[in-house]
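Listing of work-v2.pdb, PDB, C-alpha atoms
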```
ATOM      1  CA  MET A 925      -9.558 -51.639  61.299  1.00  0.00           C
ATOM      2  CA  SER A 926     -10.673 -55.276  61.455  1.00  0.00           C
ATOM      3  CA  ARG A 927      -8.625 -58.091  59.994  1.00  0.00           C
ATOM      4  CA  THR A 928     -11.437 -59.049  57.598  1.00  0.00           C
ATOM      5  CA  LEU A 929     -11.621 -55.553  56.082  1.00  0.00           C
ATOM      6  CA  LEU A 930      -7.817 -55.337  55.797  1.00  0.00           C
ATOM      7  CA  ARG A 931      -7.676 -58.748  54.092  1.00  0.00           C
ATOM      8  CA  SER A 932     -10.329 -57.722  51.540  1.00  0.00           C
ATOM      9  CA  LEU A 933      -8.438 -54.521  50.709  1.00  0.00           C
ATOM     10  CA  LEU A 934      -5.204 -56.438  50.147  1.00  0.00           C
ATOM     11  CA  GLU A 935      -6.961 -58.921  47.876  1.00  0.00           C
ATOM     12  CA  LEU A 936      -8.491 -56.132  45.786  1.00  0.00           C
ATOM     13  CA  ARG A 937      -5.121 -54.417  45.419  1.00  0.00           C
ATOM     14  CA  ALA A 938      -3.413 -57.650  44.379  1.00  0.00           C
ATOM     15  CA  THR A 939      -6.143 -58.343  41.817  1.00  0.00           C
ATOM     16  CA  ALA A 940      -5.840 -54.845  40.320  1.00  0.00           C
ATOM     17  CA  THR A 941      -2.048 -55.097  39.948  1.00  0.00           C
ATOM     18  CA  THR A 942      -2.160 -58.533  38.346  1.00  0.00           C
ATOM     19  CA  THR A 943      -4.972 -57.819  35.877  1.00  0.00           C
ATOM     20  CA  ARG A 944      -3.737 -54.412  34.612  1.00  0.00           C
ATOM     21  CA  PRO A 945      -1.473 -54.850  31.529  1.00  0.00           C
ATOM     22  CA  THR A 946       1.762 -52.925  31.413  1.00  0.00           C
ATOM     23  CA  THR A 947       3.083 -50.862  28.521  1.00  0.00           C
ATOM     24  CA  SER A 948       5.646 -53.496  27.582  1.00  0.00           C
ATOM     25  CA  GLN A 949       2.925 -56.166  27.436  1.00  0.00           C
ATOM     26  CA  LEU A 950       0.842 -53.997  25.126  1.00  0.00           C
ATOM     27  CA  LEU A 951       3.735 -53.249  22.762  1.00  0.00           C
ATOM     28  CA  ARG A 952       5.213 -56.781  22.722  1.00  0.00           C
ATOM     29  CA  PRO A 953       2.943 -58.205  19.930  1.00  0.00           C
ATOM     30  CA  PHE A 954       3.555 -55.135  17.753  1.00  0.00           C
ATOM     31  CA  LEU A 955       7.354 -55.306  18.179  1.00  0.00           C
ATOM     32  CA  VAL A 956       7.475 -59.064  17.544  1.00  0.00           C
ATOM     33  CA  ARG A 957       5.405 -58.769  14.364  1.00  0.00           C
ATOM     34  CA  HIS A 958       7.611 -55.990  12.954  1.00  0.00           C
ATOM     35  CA  LEU A 959      10.880 -57.646  13.909  1.00  0.00           C
ATOM     36  CA  HIS A 960      10.020 -60.783  11.909  1.00  0.00           C
ATOM     37  CA  GLN A 961       9.088 -58.765   8.825  1.00  0.00           C
ATOM     38  CA  THR A 962      11.497 -57.732   6.093  1.00  0.00           C
ATOM     39  CA  PRO A 963      11.886 -54.050   5.207  1.00  0.00           C
ATOM     40  CA  SER A 964       9.891 -54.591   2.007  1.00  0.00           C
ATOM     41  CA  GLN A 965       6.938 -56.003   3.967  1.00  0.00           C
ATOM     42  CA  ILE A 966       6.613 -53.012   6.279  1.00  0.00           C
ATOM     43  CA  ASP A 967       3.930 -50.605   5.154  1.00  0.00           C
ATOM     44  CA  PRO A 968       5.432 -47.245   4.196  1.00  0.00           C
ATOM     45  CA  LEU A 969       4.152 -44.056   5.790  1.00  0.00           C
ATOM     46  CA  PRO A 970       1.539 -42.205   3.756  1.00  0.00           C
ATOM     47  CA  GLN A 971       2.979 -39.168   1.985  1.00  0.00           C
ATOM     48  CA  GLN A 972       1.101 -35.923   1.793  1.00  0.00           C
ATOM     49  CA  THR A 973       0.595 -34.717  -1.738  1.00  0.00           C
ATOM     50  CA  GLN A 974       0.605 -30.998  -2.393  1.00  0.00           C
ATOM     51  CA  PRO A 975      -2.017 -29.606  -4.739  1.00  0.00           C
ATOM     52  CA  GLN A 976      -0.581 -28.632  -8.100  1.00  0.00           C
ATOM     53  CA  GLN A 977      -1.048 -25.020  -9.085  1.00  0.00           C
ATOM     54  CA  PRO A 978      -2.222 -24.338 -12.613  1.00  0.00           C
ATOM     55  CA  PRO A 979       0.351 -22.703 -14.910  1.00  0.00           C
ATOM     56  CA  PRO A 980      -0.049 -18.908 -15.270  1.00  0.00           C
ATOM     57  CA  SER A 981      -1.842 -17.799 -18.379  1.00  0.00           C
ATOM     58  CA  PRO A 982       0.061 -15.559 -20.827  1.00  0.00           C
ATOM     59  CA  ASN A 983      -2.503 -12.754 -20.429  1.00  0.00           C
ATOM     60  CA  GLN A 984      -2.295 -12.729 -16.619  1.00  0.00           C
ATOM     61  CA  PRO A 985       0.024  -9.962 -15.269  1.00  0.00           C
ATOM     62  CA  PRO A 986       2.806 -11.064 -12.897  1.00  0.00           C
ATOM     63  CA  ALA A 987       2.247 -10.675  -9.181  1.00  0.00           C
ATOM     64  CA  VAL A 988       3.882  -7.568  -7.725  1.00  0.00           C
ATOM     65  CA  SER A 989       4.854  -7.483  -4.047  1.00  0.00           C
ATOM     66  CA  PRO A 990       3.773  -4.339  -2.154  1.00  0.00           C
ATOM     67  CA  ILE A 991       6.461  -1.771  -1.434  1.00  0.00           C
ATOM     68  CA  PRO A 992       6.933  -1.093   2.305  1.00  0.00           C
ATOM     69  CA  ARG A 993       6.455   2.505   3.318  1.00  0.00           C
ATOM     70  CA  CYS A 994       7.481   4.566   6.298  1.00  0.00           C
ATOM     71  CA  GLY A 995       5.092   6.554   8.436  1.00  0.00           C
ATOM     72  CA  GLY A 996       3.196   9.512   7.040  1.00  0.00           C
ATOM     73  CA  ALA A 997       1.599  10.060   3.652  1.00  0.00           C
ATOM     74  CA  PRO A 998       2.444   7.817   0.661  1.00  0.00           C
ATOM     75  CA  ARG A 999       5.460   8.843  -1.404  1.00  0.00           C
ATOM     76  CA  THR A1000       3.659   9.926  -4.566  1.00  0.00           C
ATOM     77  CA  THR A1001       3.566  13.318  -6.276  1.00  0.00           C
ATOM     78  CA  SER A1002       0.792  14.756  -8.402  1.00  0.00           C
ATOM     79  CA  PRO A1003       1.970  16.088 -11.785  1.00  0.00           C
ATOM     80  CA  ALA A1004       1.267  19.695 -12.608  1.00  0.00           C
ATOM     81  CA  THR A1005      -1.724  20.261 -14.883  1.00  0.00           C
ATOM     82  CA  PRO A1006      -1.919  23.057 -17.497  1.00  0.00           C
ATOM     83  CA  GLU A1007      -4.429  24.871 -15.306  1.00  0.00           C
ATOM     84  CA  THR A1008      -2.015  24.764 -12.360  1.00  0.00           C
ATOM     85  CA  LEU A1009       0.843  26.082 -14.505  1.00  0.00           C
ATOM     86  CA  SER A1010      -1.308  28.970 -15.734  1.00  0.00           C
ATOM     87  CA  LEU A1011      -2.188  30.022 -12.159  1.00  0.00           C
ATOM     88  CA  LEU A1012       1.320  29.495 -10.754  1.00  0.00           C
ATOM     89  CA  PRO A1013       2.531  33.074 -11.587  1.00  0.00           C
ATOM     90  CA  LEU A1014      -0.202  34.490  -9.347  1.00  0.00           C
ATOM     91  CA  LEU A1015       1.251  32.575  -6.403  1.00  0.00           C
ATOM     92  CA  ALA A1016       4.849  33.400  -7.331  1.00  0.00           C
ATOM     93  CA  HIS A1017       4.275  37.164  -7.614  1.00  0.00           C
ATOM     94  CA  GLN A1018       2.265  37.405  -4.415  1.00  0.00           C
ATOM     95  CA  PRO A1019       4.036  39.811  -2.018  1.00  0.00           C
ATOM     96  CA  GLY A1020       5.213  38.585   1.350  1.00  0.00           C
ATOM     97  CA  LYS A1021       6.685  35.328   2.533  1.00  0.00           C
ATOM     98  CA  LYS A1022       5.605  31.948   1.219  1.00  0.00           C
ATOM     99  CA  TYR A1023       4.867  29.080   3.570  1.00  0.00           C
ATOM    100  CA  LEU A1024       5.306  25.333   3.081  1.00  0.00           C
ATOM    101  CA  GLN A1025       3.944  22.300   4.847  1.00  0.00           C
ATOM    102  CA  LEU A1026       6.935  19.965   4.729  1.00  0.00           C
ATOM    103  CA  TYR A1027       7.244  16.290   5.570  1.00  0.00           C
ATOM    104  CA  ILE A1028      10.544  14.987   6.967  1.00  0.00           C
ATOM    105  CA  GLN A1029      10.566  11.306   7.971  1.00  0.00           C
ATOM    106  CA  GLY A1030       6.778  11.299   8.318  1.00  0.00           C
ATOM    107  CA  GLN A1031       6.684  14.431  10.508  1.00  0.00           C
ATOM    108  CA  ALA A1032       4.828  17.549   9.278  1.00  0.00           C
ATOM    109  CA  TYR A1033       6.364  21.032   9.649  1.00  0.00           C
ATOM    110  CA  LEU A1034       4.766  24.354   8.693  1.00  0.00           C
ATOM    111  CA  VAL A1035       7.704  26.627   7.837  1.00  0.00           C
ATOM    112  CA  THR A1036       8.533  29.988   6.268  1.00  0.00           C
ATOM    113  CA  PRO A1037      11.964  31.392   5.268  1.00  0.00           C
ATOM    114  CA  GLY A1038      14.114  31.925   8.358  1.00  0.00           C
ATOM    115  CA  ASP A1039      12.365  29.360  10.569  1.00  0.00           C
ATOM    116  CA  GLN A1040      14.337  26.859  12.627  1.00  0.00           C
ATOM    117  CA  ILE A1041      13.462  23.143  12.526  1.00  0.00           C
ATOM    118  CA  ARG A1042      14.543  20.857  15.327  1.00  0.00           C
ATOM    119  CA  LEU A1043      14.288  17.279  14.095  1.00  0.00           C
ATOM    120  CA  PRO A1044      13.366  14.617  16.682  1.00  0.00           C
ATOM    121  CA  PHE A1045      16.425  12.570  15.680  1.00  0.00           C
ATOM    122  CA  LYS A1046      20.052  12.953  14.673  1.00  0.00           C
ATOM    123  CA  MET A1047      20.335  13.001  10.883  1.00  0.00           C
ATOM    124  CA  PRO A1048      23.242  10.828   9.728  1.00  0.00           C
ATOM    125  CA  GLY A1049      25.744  11.905   7.094  1.00  0.00           C
ATOM    126  CA  VAL A1050      25.398  15.681   7.516  1.00  0.00           C
ATOM    127  CA  ALA A1051      27.716  18.312   8.959  1.00  0.00           C
ATOM    128  CA  PRO A1052      27.160  21.915  10.085  1.00  0.00           C
ATOM    129  CA  GLY A1053      26.972  24.183   7.049  1.00  0.00           C
ATOM    130  CA  ASP A1054      25.555  21.601   4.627  1.00  0.00           C
ATOM    131  CA  VAL A1055      22.665  22.761   2.436  1.00  0.00           C
ATOM    132  CA  LEU A1056      19.739  20.369   2.039  1.00  0.00           C
ATOM    133  CA  ARG A1057      16.914  20.541  -0.478  1.00  0.00           C
ATOM    134  CA  LEU A1058      13.556  19.535   0.978  1.00  0.00           C
ATOM    135  CA  ASN A1059      11.247  18.271  -1.779  1.00  0.00           C
ATOM    136  CA  ARG A1060       8.333  16.755   0.167  1.00  0.00           C
ATOM    137  CA  ALA A1061       5.587  19.354   0.614  1.00  0.00           C
ATOM    138  CA  THR A1062       1.837  18.884   0.761  1.00  0.00           C
ATOM    139  CA  ALA A1063       0.949  22.576   0.446  1.00  0.00           C
ATOM    140  CA  ILE A1064       2.571  25.812  -0.737  1.00  0.00           C
ATOM    141  CA  GLY A1065       0.818  29.085  -0.117  1.00  0.00           C
ATOM    142  CA  SER A1066       0.907  32.804   0.382  1.00  0.00           C
ATOM    143  CA  ARG A1067      -1.565  35.299   1.839  1.00  0.00           C
ATOM    144  CA  ASP A1068      -4.214  34.825  -0.866  1.00  0.00           C
ATOM    145  CA  PHE A1069      -3.323  31.623  -2.765  1.00  0.00           C
ATOM    146  CA  THR A1070      -2.582  28.019  -1.810  1.00  0.00           C
ATOM    147  CA  LEU A1071      -1.314  25.150  -3.965  1.00  0.00           C
ATOM    148  CA  LYS A1072      -2.133  21.679  -2.581  1.00  0.00           C
ATOM    149  CA  GLY A1073      -0.778  18.320  -3.713  1.00  0.00           C
ATOM    150  CA  GLN A1074      -2.330  14.873  -3.909  1.00  0.00           C
ATOM    151  CA  PRO A1075      -0.725  14.216  -1.506  1.00  0.00           C
ATOM    152  CA  TYR A1076       2.598  15.863  -2.470  1.00  0.00           C
ATOM    153  CA  VAL A1077       3.218  18.861  -4.711  1.00  0.00           C
ATOM    154  CA  ASP A1078       5.391  18.313  -7.761  1.00  0.00           C
ATOM    155  CA  GLU A1079       8.950  19.066  -6.713  1.00  0.00           C
ATOM    156  CA  ASN A1080       9.602  20.855 -10.017  1.00  0.00           C
ATOM    157  CA  LEU A1081       7.229  23.679  -8.997  1.00  0.00           C
ATOM    158  CA  PHE A1082       9.044  24.871  -5.877  1.00  0.00           C
ATOM    159  CA  GLU A1083      12.432  24.946  -4.216  1.00  0.00           C
ATOM    160  CA  CYS A1084      13.071  24.812  -0.480  1.00  0.00           C
ATOM    161  CA  ARG A1085      16.585  24.817   0.948  1.00  0.00           C
ATOM    162  CA  ALA A1086      17.681  24.399   4.558  1.00  0.00           C
ATOM    163  CA  VAL A1087      21.091  24.817   6.187  1.00  0.00           C
ATOM    164  CA  VAL A1088      22.311  22.413   8.877  1.00  0.00           C
ATOM    165  CA  GLU A1089      23.152  24.507  11.919  1.00  0.00           C
ATOM    166  CA  GLY A1090      24.418  21.706  14.110  1.00  0.00           C
ATOM    167  CA  THR A1091      23.414  19.124  16.663  1.00  0.00           C
ATOM    168  CA  GLU A1092      21.841  19.754  20.045  1.00  0.00           C
ATOM    169  CA  ALA A1093      21.773  17.416  23.027  1.00  0.00           C
ATOM    170  CA  GLU A1094      19.156  17.267  25.734  1.00  0.00           C
ATOM    171  CA  PRO A1095      19.994  17.118  29.448  1.00  0.00           C
ATOM    172  CA  MET A1096      20.906  13.746  30.879  1.00  0.00           C
ATOM    173  CA  ARG A1097      17.870  11.663  31.838  1.00  0.00           C
ATOM    174  CA  LEU A1098      18.044   9.358  34.839  1.00  0.00           C
ATOM    175  CA  LYS A1099      15.476   6.616  35.271  1.00  0.00           C
ATOM    176  CA  ILE A1100      15.586   4.300  38.278  1.00  0.00           C
ATOM    177  CA  LYS A1101      14.232   0.800  37.658  1.00  0.00           C
ATOM    178  CA  LYS A1102      13.235  -1.380  40.595  1.00  0.00           C
ATOM    179  CA  LYS A1103      11.257  -4.593  40.985  1.00  0.00           C
ATOM    180  CA  GLN A1104       8.792  -5.314  43.739  1.00  0.00           C
ATOM    181  CA  ARG A1105      10.085  -6.905  46.915  1.00  0.00           C
ATOM    182  CA  CYS A1106      13.653  -6.371  45.729  1.00  0.00           C
ATOM    183  CA  ARG A1107      15.996  -3.730  47.110  1.00  0.00           C
ATOM    184  CA  ARG A1108      18.338  -3.721  44.151  1.00  0.00           C
ATOM    185  CA  THR A1109      17.882  -0.716  41.829  1.00  0.00           C
ATOM    186  CA  LYS A1110      19.192  -0.032  38.332  1.00  0.00           C
ATOM    187  CA  THR A1111      19.833   3.466  36.972  1.00  0.00           C
ATOM    188  CA  VAL A1112      19.405   3.949  33.227  1.00  0.00           C
ATOM    189  CA  ARG A1113      20.992   7.033  31.631  1.00  0.00           C
ATOM    190  CA  SER A1114      19.931   8.441  28.264  1.00  0.00           C
ATOM    191  CA  LYS A1115      20.947  11.576  26.383  1.00  0.00           C
ATOM    192  CA  HIS A1116      19.401  12.046  22.931  1.00  0.00           C
ATOM    193  CA  LYS A1117      20.807  14.260  20.191  1.00  0.00           C
ATOM    194  CA  TYR A1118      18.834  16.273  17.631  1.00  0.00           C
ATOM    195  CA  THR A1119      19.721  17.902  14.304  1.00  0.00           C
ATOM    196  CA  VAL A1120      18.788  21.576  13.871  1.00  0.00           C
ATOM    197  CA  LEU A1121      17.968  23.028  10.437  1.00  0.00           C
ATOM    198  CA  ARG A1122      17.407  26.612   9.339  1.00  0.00           C
ATOM    199  CA  VAL A1123      15.124  27.255   6.330  1.00  0.00           C
ATOM    200  CA  SER A1124      17.103  29.602   4.098  1.00  0.00           C
ATOM    201  CA  GLU A1125      15.019  29.762   0.911  1.00  0.00           C
ATOM    202  CA  VAL A1126      11.456  29.104  -0.255  1.00  0.00           C
ATOM    203  CA  ARG A1127      10.920  29.892  -3.925  1.00  0.00           C
ATOM    204  CA  ILE A1128       8.253  29.176  -6.549  1.00  0.00           C
ATOM    205  CA  LYS A1129       9.702  27.946  -9.861  1.00  0.00           C
ATOM    206  CA  LEU A1130       7.908  29.247 -12.931  1.00  0.00           C
ATOM    207  CA  PRO A1131       7.876  27.287 -16.235  1.00  0.00           C
ATOM    208  CA  GLY A1132      11.050  27.951 -18.218  1.00  0.00           C
ATOM    209  CA  GLN A1133      12.962  29.270 -15.216  1.00  0.00           C
ATOM    210  CA  GLU A1134      16.405  27.732 -14.692  1.00  0.00           C
ATOM    211  CA  GLU A1135      17.144  25.958 -11.445  1.00  0.00           C
ATOM    212  CA  GLU A1136      19.673  27.524  -9.118  1.00  0.00           C
ATOM    213  CA  VAL A1137      22.509  25.330  -7.893  1.00  0.00           C
TER     214      VAL A1137
END
```

What does the file become when written as structure tokens?
Amino acid sequence: MSRTLLRSLLELRATATTTRPTTSQLLRPFLVRHLHQTPSQIDPLPQQTQPQQPPPSPNQPPAVSPIPRCGGAPRTTSPATPETLSLLPLLAHQPGKKYLQLYIQGQAYLVTPGDQIRLPFKMPGVAPGDVLRLNRATAIGSRDFTLKGQPYVDENLFECRAVVEGTEAEPMRLKIKKKQRCRRTKTVRSKHKYTVLRVSEVRIKLPGQEEEV
């Protein structure tokens, strides 16, 4: 590289460094102006105003928050109509076993008396020998008749009882976790427990019939 070209490059670099203002030079007039002002002379920051909501009218109903629901059908029962009560004896006196389509924690089960139900979880607060009443059913039927709910059947029209037989445990599961390009492995062990029920009674309750305890 020639001396003339090198000298021109050095002159351009020196000119660029001397003419470019620094951050302190840019902020110096602003800081000096605010330091010589009193607190009352400094302009306050603009405040954001929130829009005012109109007062609720007396005829407007209050807002109701939605009720969270679990999985499965909504937890509502359809009341029994006079027509349903008049046809209920035909279903009750039908020979043979009655079947129910039950819902337990959002899971559907089609059961008859004597069937065994293995729940996919361990039910808390129960012990072997306890009797449970299952009152969530979407359909009750026999060989010739079927009573359907919207979505659930009124619990005063039927009675389903189940006995807790105990708790079962699955075999131990072993899962080996490993990352790529890493020799270290991690073994995860899991052993889930399940509650087992036995359906002991399925009965249709006629109007005026006393409930068994």

Could you name the residues that touch Leu1009 of chain A at 12 Å or less, counting only C-alpha atoms, but leaving out those on the same chain fewer than 5 positions away, as a VMD selection string?
chain A and resid 1003 to 1004 1014 to 1016 1071 1078 1080 to 1082 1128 to 1132

Would you pick out the contacts of Lys1099 of chain A at 8 Å or less, using all atoms listed in the file, so that residues sharing its chain but fewer than 4 positions from it are not included, and give the list as a ChimeraX atom specification?
/A:1111-1113

Using atom CA of Thr1001 of chain A and atom CA of Ser1066 of chain A as the two end points, give the distance in Å to one decimal.
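Interatomic distance here is 20.8 Å.
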
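The closest residue to Ala1032 of chain A, picked from A:Arg1060, A:Pro1048, A:Pro1006, A:Arg931 and counting all atoms listed in the file, is A:Arg1060.
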
Which neighbours of Gly1038 of chain A fall inside 9 Å, counting all atoms listed in the file, when residues of the same chain fewer than 5 positions from it are skipped, and could you give them as a short mmCIF file (atom, residue, chain, number, x, y, z; two decimals) with C-alpha atoms, in the frame of the given file?
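Okay, around-v6.cif is ready:
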```cif
data_model
loop_
_atom_site.label_atom_id
_atom_site.label_comp_id
_atom_site.auth_asym_id
_atom_site.auth_seq_id
_atom_site.Cartn_x
_atom_site.Cartn_y
_atom_site.Cartn_z
CA ARG A 1122 17.41 26.61 9.34
CA VAL A 1123 15.12 27.26 6.33
CA SER A 1124 17.10 29.60 4.10
CA GLU A 1125 15.02 29.76 0.91
#
```

What residues come out when you apply the PyMOL selection byres ((chain A and resi 1092) around 7) to this file, written as a list in words?
Gly1090, Thr1091, Ala1093, Glu1094, Lys1117, Tyr1118 and Thr1119 of chain A

Selection export as a CSV table (one decimal), in the coordinates of the input, atoms kept: C-alpha atoms:
```csv
chain,number,residue,atom,x,y,z
A,1090,GLY,CA,24.4,21.7,14.1
A,1091,THR,CA,23.4,19.1,16.7
A,1093,ALA,CA,21.8,17.4,23.0
A,1094,GLU,CA,19.2,17.3,25.7
A,1117,LYS,CA,20.8,14.3,20.2
A,1118,TYR,CA,18.8,16.3,17.6
A,1119,THR,CA,19.7,17.9,14.3
```
